[in-house]
file coords.txt (compact mmCIF, C-alpha atoms (C1' of nucleotides))
# COMPACT_ATOMS: atom_id res chain seq x y z
CA MET A 113 0.00 0.00 0.00
CA ASN A 114 1.38 3.38 -1.07
CA TYR A 115 0.39 6.92 -0.14
CA TRP A 116 0.37 9.79 -2.64
CA LEU A 117 -0.32 13.48 -2.95
CA MET A 118 -1.81 14.50 -6.29
CA LYS A 119 -2.03 18.14 -7.34
CA ASN A 120 -4.57 19.72 -9.56
CA GLU A 121 -5.84 23.18 -10.24
CA PRO A 122 -9.42 23.34 -8.95
CA GLU A 123 -10.43 25.53 -11.88
CA ASP A 124 -9.45 22.61 -14.06
CA TYR A 125 -10.84 19.78 -11.95
CA SER A 126 -11.64 19.97 -8.23
CA ILE A 127 -12.53 17.66 -5.36
CA ASP A 128 -16.16 18.72 -5.86
CA ASP A 129 -16.04 17.55 -9.46
CA LEU A 130 -14.65 14.21 -8.32
CA ALA A 131 -17.31 13.93 -5.62
CA LYS A 132 -19.89 14.27 -8.37
CA ASP A 133 -18.21 11.98 -10.92
CA LYS A 134 -17.11 9.31 -8.39
CA THR A 135 -14.22 8.18 -10.61
CA GLU A 136 -12.07 10.05 -13.10
CA PRO A 137 -9.06 9.45 -15.35
CA TRP A 138 -6.13 11.51 -14.02
CA ASP A 139 -4.89 12.60 -17.43
CA GLY A 140 -2.45 15.26 -18.57
CA ILE A 141 0.70 14.02 -16.83
CA ARG A 142 3.54 15.33 -19.00
CA ASN A 143 6.54 14.88 -16.76
CA TYR A 144 8.79 11.83 -17.00
CA GLN A 145 9.50 11.49 -13.30
CA VAL A 146 5.80 11.49 -12.53
CA ARG A 147 5.03 9.12 -15.40
CA ASN A 148 7.63 6.65 -14.17
CA MET A 149 6.24 6.78 -10.64
CA ILE A 150 2.68 6.05 -11.68
CA ARG A 151 3.93 3.28 -14.00
CA ASP A 152 6.33 1.59 -11.59
CA GLU A 153 4.97 2.26 -8.15
CA MET A 154 1.33 3.28 -8.15
CA ARG A 155 -0.93 0.31 -7.52
CA LEU A 156 -4.61 -0.50 -7.34
CA GLY A 157 -6.03 0.48 -3.98
CA ASP A 158 -3.30 2.99 -3.09
CA ASN A 159 -4.44 6.03 -1.13
CA ALA A 160 -4.04 9.58 -2.37
CA PHE A 161 -4.71 13.10 -1.19
CA PHE A 162 -6.36 15.54 -3.58
CA TYR A 163 -4.35 18.78 -3.46
CA HIS A 164 -5.60 22.05 -4.93
CA SER A 165 -2.87 24.24 -6.42
CA ASN A 166 -2.93 27.69 -7.99
CA CYS A 167 -5.93 28.84 -5.98
CA ASP A 168 -6.88 31.00 -3.00
CA ILE A 169 -5.92 28.41 -0.41
CA PRO A 170 -3.51 25.80 -1.76
CA GLY A 171 -3.73 22.61 0.28
CA ILE A 172 -5.24 19.18 0.76
CA TYR A 173 -8.98 19.07 0.21
CA GLY A 174 -9.85 15.39 0.20
CA GLN A 175 -9.00 11.79 -0.17
CA MET A 176 -9.25 9.24 -3.00
CA THR A 177 -7.99 5.83 -4.03
CA ILE A 178 -6.37 4.50 -7.18
CA CYS A 179 -8.98 2.40 -8.98
CA LYS A 180 -7.12 1.67 -12.23
CA GLU A 181 -3.40 1.26 -12.72
CA ALA A 182 -1.39 3.08 -15.38
CA TYR A 183 -2.63 2.89 -18.96
CA VAL A 184 -2.16 4.95 -22.13
CA ASP A 185 -3.17 8.61 -21.87
CA HIS A 186 -5.05 8.96 -25.16
CA THR A 187 -5.52 12.73 -24.65
CA ALA A 188 -1.91 13.12 -25.82
CA PHE A 189 -3.08 12.08 -29.31
CA ASP A 190 -5.89 14.63 -29.44
CA LYS A 191 -4.94 17.82 -31.27
CA ASN A 192 -7.68 19.71 -29.48
CA ALA A 193 -6.78 18.54 -25.99
CA LYS A 194 -5.05 20.86 -23.58
CA TYR A 195 -2.11 18.51 -23.14
CA TYR A 196 -1.76 17.35 -26.76
CA ASP A 197 1.74 16.03 -27.43
CA PRO A 198 2.57 15.50 -31.11
CA LYS A 199 5.56 13.40 -30.10
CA SER A 200 3.40 10.77 -28.44
CA LYS A 201 2.42 8.35 -31.22
CA LYS A 202 -0.25 5.70 -31.03
CA ASP A 203 2.22 2.88 -31.65
CA THR A 204 4.74 4.29 -29.16
CA PRO A 205 2.68 6.16 -26.57
CA ARG A 206 4.71 8.35 -24.30
CA TRP A 207 2.24 9.26 -21.56
CA LEU A 208 0.19 7.30 -19.05
CA MET A 209 -2.61 7.97 -16.63
CA VAL A 210 -4.44 6.23 -13.78
CA ASP A 211 -8.05 6.38 -12.64
CA VAL A 212 -8.93 7.74 -9.23
CA LYS A 213 -12.01 7.11 -7.10
CA PHE A 214 -13.55 9.63 -4.72
CA LYS A 215 -13.34 8.72 -1.06
CA LYS A 216 -14.05 11.86 0.92
CA LYS A 217 -13.93 15.61 0.97
CA PHE A 218 -12.45 16.90 4.21
CA ASN A 219 -14.62 19.08 6.42
CA LYS A 220 -11.42 20.70 7.56
CA ILE A 221 -8.91 21.23 4.78
CA VAL A 222 -5.17 21.16 5.47
CA SER A 223 -3.62 24.21 3.86
CA LEU A 224 -0.09 24.36 2.51
CA LYS A 225 0.62 26.93 5.20
CA GLU A 226 -0.43 24.43 7.84
CA LEU A 227 1.57 21.60 6.23
CA LYS A 228 4.65 23.82 6.40
CA SER A 229 4.16 24.49 10.09
CA PHE A 230 4.84 20.94 11.32
CA LYS A 231 8.34 19.57 11.57
CA GLU A 232 6.84 16.07 11.21
CA LEU A 233 5.96 16.99 7.62
CA SER A 234 9.13 18.84 6.66
CA GLN A 235 10.34 15.97 4.45
CA MET A 236 7.28 16.11 2.22
CA ARG A 237 8.19 17.26 -1.27
CA VAL A 238 5.17 19.50 -1.50
CA VAL A 239 6.42 21.79 1.28
CA GLN A 240 9.89 22.04 -0.20
CA ARG A 241 11.05 24.95 -2.28
CA GLY A 242 10.99 24.55 -6.02
CA ASN A 243 9.11 21.28 -6.05
CA ARG A 244 7.24 20.96 -9.32
CA LEU A 245 6.12 17.35 -9.36
CA SER A 246 2.35 17.07 -9.67
CA ILE A 247 2.37 13.71 -7.90
CA THR A 248 4.59 12.92 -4.92
CA LYS A 249 4.85 9.98 -2.58
CA LEU A 250 4.20 10.20 1.16
CA GLU A 251 5.29 8.11 4.11
CA LYS A 252 2.53 6.33 5.99
CA LYS A 253 3.38 8.32 9.11
CA GLU A 254 2.95 11.56 7.14
CA TRP A 255 -0.38 10.32 5.80
CA ASP A 256 -1.59 9.40 9.28
CA PHE A 257 -0.42 12.73 10.69
CA ILE A 258 -2.33 14.67 8.03
CA ILE A 259 -5.48 12.58 8.48
CA LYS A 260 -5.46 13.59 12.15
CA LEU A 261 -5.29 17.25 11.16
CA THR A 262 -8.58 16.90 9.27
CA LYS A 263 -10.46 15.80 12.35
C1' DG B 244 27.13 16.32 -24.25
C1' DC B 245 27.02 21.21 -22.90
C1' DC B 246 24.32 24.99 -21.87
C1' DA B 247 21.54 29.17 -23.11
C1' DA B 248 17.00 30.13 -24.12
C1' DC B 249 12.54 29.26 -23.42
C1' DG B 250 8.16 27.51 -21.34
C1' DT B 251 5.69 26.03 -17.29
C1' DT B 252 4.52 25.65 -12.47
C1' DG B 253 2.66 27.49 -8.59
C1' DG B 254 3.17 30.27 -4.27
C1' DC B 255 2.67 34.74 -3.01
C1' DG C 129 0.57 39.65 -12.15
C1' DC C 130 5.30 38.70 -10.59
C1' DC C 131 9.00 35.82 -10.53
C1' DA C 132 11.98 31.92 -8.71
C1' DA C 133 12.75 27.36 -9.75
C1' DC C 134 12.99 23.83 -12.66
C1' DG C 135 12.35 20.80 -16.99
C1' DT C 136 12.89 20.65 -21.90
C1' DT C 137 14.63 21.94 -26.30
C1' DG C 138 17.88 22.52 -29.75
C1' DG C 139 22.12 24.67 -31.68
C1' DC C 140 26.75 23.88 -31.61

call {"tool": "encode", "arguments": {"input": "coords.txt", "output": "structure tokens"}}
result
Amino acid sequence: MNYWLMKNEPEDYSIDDLAKDKTEPWDGIRNYQVRNMIRDEMRLGDNAFFYHSNCDIPGIYGQMTICKEAYVDHTAFDKNAKYYDPKSKKDTPRWLMVDVKFKKKFNKIVSLKELKSFKELSQMRVVQRGNRLSITKLEKKEWDFIIKLTK
DNA sequence: GCCAACGTTGGC
DNA sequence: GCCAACGTTGGC
């Protein structure tokens, strides 16, 4: 069992959208480090936090699980898609995605500011300067610590 | 294979 | 909207 933090801009797709849709393909990953992580390490049933970035209060807004392991991100083939990549060909696809399933929206969100205030969480990539990975891995103890903050 | 230029991310 | 940080591109 792995623990993840997955960022998205709420204007693009938010925890409320996921609450409505129940499951959703997490498409648009266009970073090799992140692609390799979801391909090699992300497994069915893993837990993930839904993090809102580029918004009024960046932070963790809810919880989800991985309900489909990595498969071809077909949006890379679509000229009209936001993350179209002409270099990803159908016979040699470059990008992958997973499906996520809604678990809960937190009554009490955990803001980035709050995450930064605990020394227990200082190793998390998301609180570190210059981190640009849209998906990062957490330790179980970090996961448990954050869950407590939502209560 | 180096590295400058450029594009993107994302907090503030 | 600014800008620091970082990844990618492409000329050489």

call {"tool": "closest_residue", "arguments": {"input": "coords.txt", "among": "A:Asn166, A:Thr177, A:Thr262, A:Ser229", "to": "chain B", "atoms": "only C-alpha atoms (C1' of nucleotides)"}}
result
A:Asn166

call {"tool": "interface_residues", "arguments": {"input": "coords.txt", "of": "chain C", "to": "chain A", "cutoff": "9 Å", "atoms": "all atoms listed in the file", "output": "ChimeraX atom specification"}}
result
/C:132-135

call {"tool": "residues_around", "arguments": {"input": "coords.txt", "residues": "Asp124 (chain A)", "least_positions_apart": "5", "cutoff": "12 Å", "atoms": "all atoms listed in the file", "output": "ChimeraX atom specification"}}
result
/A:119,129-130,138-140,164-167,194

call {"tool": "atom_distance", "arguments": {"input": "coords.txt", "atom1": "C1' of DT136 (chain C)", "atom2": "CA of Ala188 (chain A)"}}
result
17.1 Å

call {"tool": "decode", "arguments": {"input": "coords.txt", "residues": "region 135-156 of chain A", "atoms": "N, CA, C and O atoms", "output": "PDB file, in the first residue's frame"}}
result
ATOM      1  N   THR A 135     -15.555   8.571 -10.137  1.00  0.00           N
ATOM      2  CA  THR A 135     -14.222   8.181 -10.610  1.00  0.00           C
ATOM      3  C   THR A 135     -13.855   9.064 -11.798  1.00  0.00           C
ATOM      4  O   THR A 135     -14.738   9.604 -12.475  1.00  0.00           O
ATOM      5  N   GLU A 136     -12.524   9.161 -12.031  1.00  0.00           N
ATOM      6  CA  GLU A 136     -12.069  10.049 -13.100  1.00  0.00           C
ATOM      7  C   GLU A 136     -10.668   9.652 -13.561  1.00  0.00           C
ATOM      8  O   GLU A 136      -9.810   9.354 -12.742  1.00  0.00           O
ATOM      9  N   PRO A 137     -10.424   9.661 -14.868  1.00  0.00           N
ATOM     10  CA  PRO A 137      -9.055   9.452 -15.349  1.00  0.00           C
ATOM     11  C   PRO A 137      -8.197  10.670 -15.005  1.00  0.00           C
ATOM     12  O   PRO A 137      -8.619  11.800 -15.265  1.00  0.00           O
ATOM     13  N   TRP A 138      -7.051  10.420 -14.398  1.00  0.00           N
ATOM     14  CA  TRP A 138      -6.131  11.513 -14.019  1.00  0.00           C
ATOM     15  C   TRP A 138      -5.189  11.748 -15.192  1.00  0.00           C
ATOM     16  O   TRP A 138      -4.046  11.307 -15.199  1.00  0.00           O
ATOM     17  N   ASP A 139      -5.672  12.465 -16.200  1.00  0.00           N
ATOM     18  CA  ASP A 139      -4.890  12.604 -17.432  1.00  0.00           C
ATOM     19  C   ASP A 139      -4.032  13.864 -17.410  1.00  0.00           C
ATOM     20  O   ASP A 139      -4.067  14.639 -16.459  1.00  0.00           O
ATOM     21  N   GLY A 140      -3.237  14.034 -18.426  1.00  0.00           N
ATOM     22  CA  GLY A 140      -2.451  15.259 -18.566  1.00  0.00           C
ATOM     23  C   GLY A 140      -1.090  15.239 -17.907  1.00  0.00           C
ATOM     24  O   GLY A 140      -0.427  16.274 -17.863  1.00  0.00           O
ATOM     25  N   ILE A 141      -0.646  14.096 -17.406  1.00  0.00           N
ATOM     26  CA  ILE A 141       0.703  14.023 -16.833  1.00  0.00           C
ATOM     27  C   ILE A 141       1.718  14.093 -17.975  1.00  0.00           C
ATOM     28  O   ILE A 141       1.691  13.267 -18.883  1.00  0.00           O
ATOM     29  N   ARG A 142       2.561  15.134 -17.920  1.00  0.00           N
ATOM     30  CA  ARG A 142       3.536  15.332 -19.002  1.00  0.00           C
ATOM     31  C   ARG A 142       4.921  15.558 -18.416  1.00  0.00           C
ATOM     32  O   ARG A 142       5.685  16.418 -18.871  1.00  0.00           O
ATOM     33  N   ASN A 143       5.239  14.784 -17.415  1.00  0.00           N
ATOM     34  CA  ASN A 143       6.542  14.880 -16.757  1.00  0.00           C
ATOM     35  C   ASN A 143       7.045  13.451 -16.568  1.00  0.00           C
ATOM     36  O   ASN A 143       6.304  12.594 -16.081  1.00  0.00           O
ATOM     37  N   TYR A 144       8.282  13.209 -16.989  1.00  0.00           N
ATOM     38  CA  TYR A 144       8.789  11.831 -17.004  1.00  0.00           C
ATOM     39  C   TYR A 144       8.922  11.223 -15.620  1.00  0.00           C
ATOM     40  O   TYR A 144       8.636  10.042 -15.423  1.00  0.00           O
ATOM     41  N   GLN A 145       9.368  12.016 -14.662  1.00  0.00           N
ATOM     42  CA  GLN A 145       9.499  11.488 -13.295  1.00  0.00           C
ATOM     43  C   GLN A 145       8.161  11.009 -12.772  1.00  0.00           C
ATOM     44  O   GLN A 145       8.053   9.951 -12.154  1.00  0.00           O
ATOM     45  N   VAL A 146       7.132  11.834 -13.018  1.00  0.00           N
ATOM     46  CA  VAL A 146       5.803  11.489 -12.530  1.00  0.00           C
ATOM     47  C   VAL A 146       5.255  10.277 -13.294  1.00  0.00           C
ATOM     48  O   VAL A 146       4.682   9.356 -12.703  1.00  0.00           O
ATOM     49  N   ARG A 147       5.481  10.264 -14.600  1.00  0.00           N
ATOM     50  CA  ARG A 147       5.032   9.118 -15.395  1.00  0.00           C
ATOM     51  C   ARG A 147       5.658   7.822 -14.888  1.00  0.00           C
ATOM     52  O   ARG A 147       4.987   6.807 -14.729  1.00  0.00           O
ATOM     53  N   ASN A 148       6.958   7.864 -14.628  1.00  0.00           N
ATOM     54  CA  ASN A 148       7.633   6.653 -14.174  1.00  0.00           C
ATOM     55  C   ASN A 148       7.110   6.188 -12.823  1.00  0.00           C
ATOM     56  O   ASN A 148       6.974   4.994 -12.585  1.00  0.00           O
ATOM     57  N   MET A 149       6.794   7.143 -11.948  1.00  0.00           N
ATOM     58  CA  MET A 149       6.243   6.780 -10.639  1.00  0.00           C
ATOM     59  C   MET A 149       4.894   6.101 -10.760  1.00  0.00           C
ATOM     60  O   MET A 149       4.641   5.094 -10.109  1.00  0.00           O
ATOM     61  N   ILE A 150       4.014   6.661 -11.596  1.00  0.00           N
ATOM     62  CA  ILE A 150       2.682   6.047 -11.685  1.00  0.00           C
ATOM     63  C   ILE A 150       2.784   4.690 -12.391  1.00  0.00           C
ATOM     64  O   ILE A 150       2.028   3.773 -12.112  1.00  0.00           O
ATOM     65  N   ARG A 151       3.758   4.548 -13.289  1.00  0.00           N
ATOM     66  CA  ARG A 151       3.925   3.282 -14.005  1.00  0.00           C
ATOM     67  C   ARG A 151       4.536   2.203 -13.099  1.00  0.00           C
ATOM     68  O   ARG A 151       4.101   1.060 -13.096  1.00  0.00           O
ATOM     69  N   ASP A 152       5.549   2.595 -12.312  1.00  0.00           N
ATOM     70  CA  ASP A 152       6.332   1.592 -11.587  1.00  0.00           C
ATOM     71  C   ASP A 152       5.890   1.369 -10.156  1.00  0.00           C
ATOM     72  O   ASP A 152       6.171   0.329  -9.579  1.00  0.00           O
ATOM     73  N   GLU A 153       5.246   2.372  -9.578  1.00  0.00           N
ATOM     74  CA  GLU A 153       4.974   2.261  -8.148  1.00  0.00           C
ATOM     75  C   GLU A 153       3.508   2.372  -7.760  1.00  0.00           C
ATOM     76  O   GLU A 153       3.101   1.854  -6.721  1.00  0.00           O
ATOM     77  N   MET A 154       2.708   3.060  -8.552  1.00  0.00           N
ATOM     78  CA  MET A 154       1.327   3.285  -8.146  1.00  0.00           C
ATOM     79  C   MET A 154       0.496   2.033  -8.414  1.00  0.00           C
ATOM     80  O   MET A 154       0.527   1.502  -9.515  1.00  0.00           O
ATOM     81  N   ARG A 155      -0.203   1.574  -7.400  1.00  0.00           N
ATOM     82  CA  ARG A 155      -0.931   0.314  -7.525  1.00  0.00           C
ATOM     83  C   ARG A 155      -2.395   0.456  -7.123  1.00  0.00           C
ATOM     84  O   ARG A 155      -2.750   1.335  -6.334  1.00  0.00           O
ATOM     85  N   LEU A 156      -3.187  -0.450  -7.651  1.00  0.00           N
ATOM     86  CA  LEU A 156      -4.611  -0.503  -7.343  1.00  0.00           C
ATOM     87  C   LEU A 156      -4.829  -0.468  -5.829  1.00  0.00           C
ATOM     88  O   LEU A 156      -4.174  -1.206  -5.097  1.00  0.00           O
TER      89      LEU A 156
END
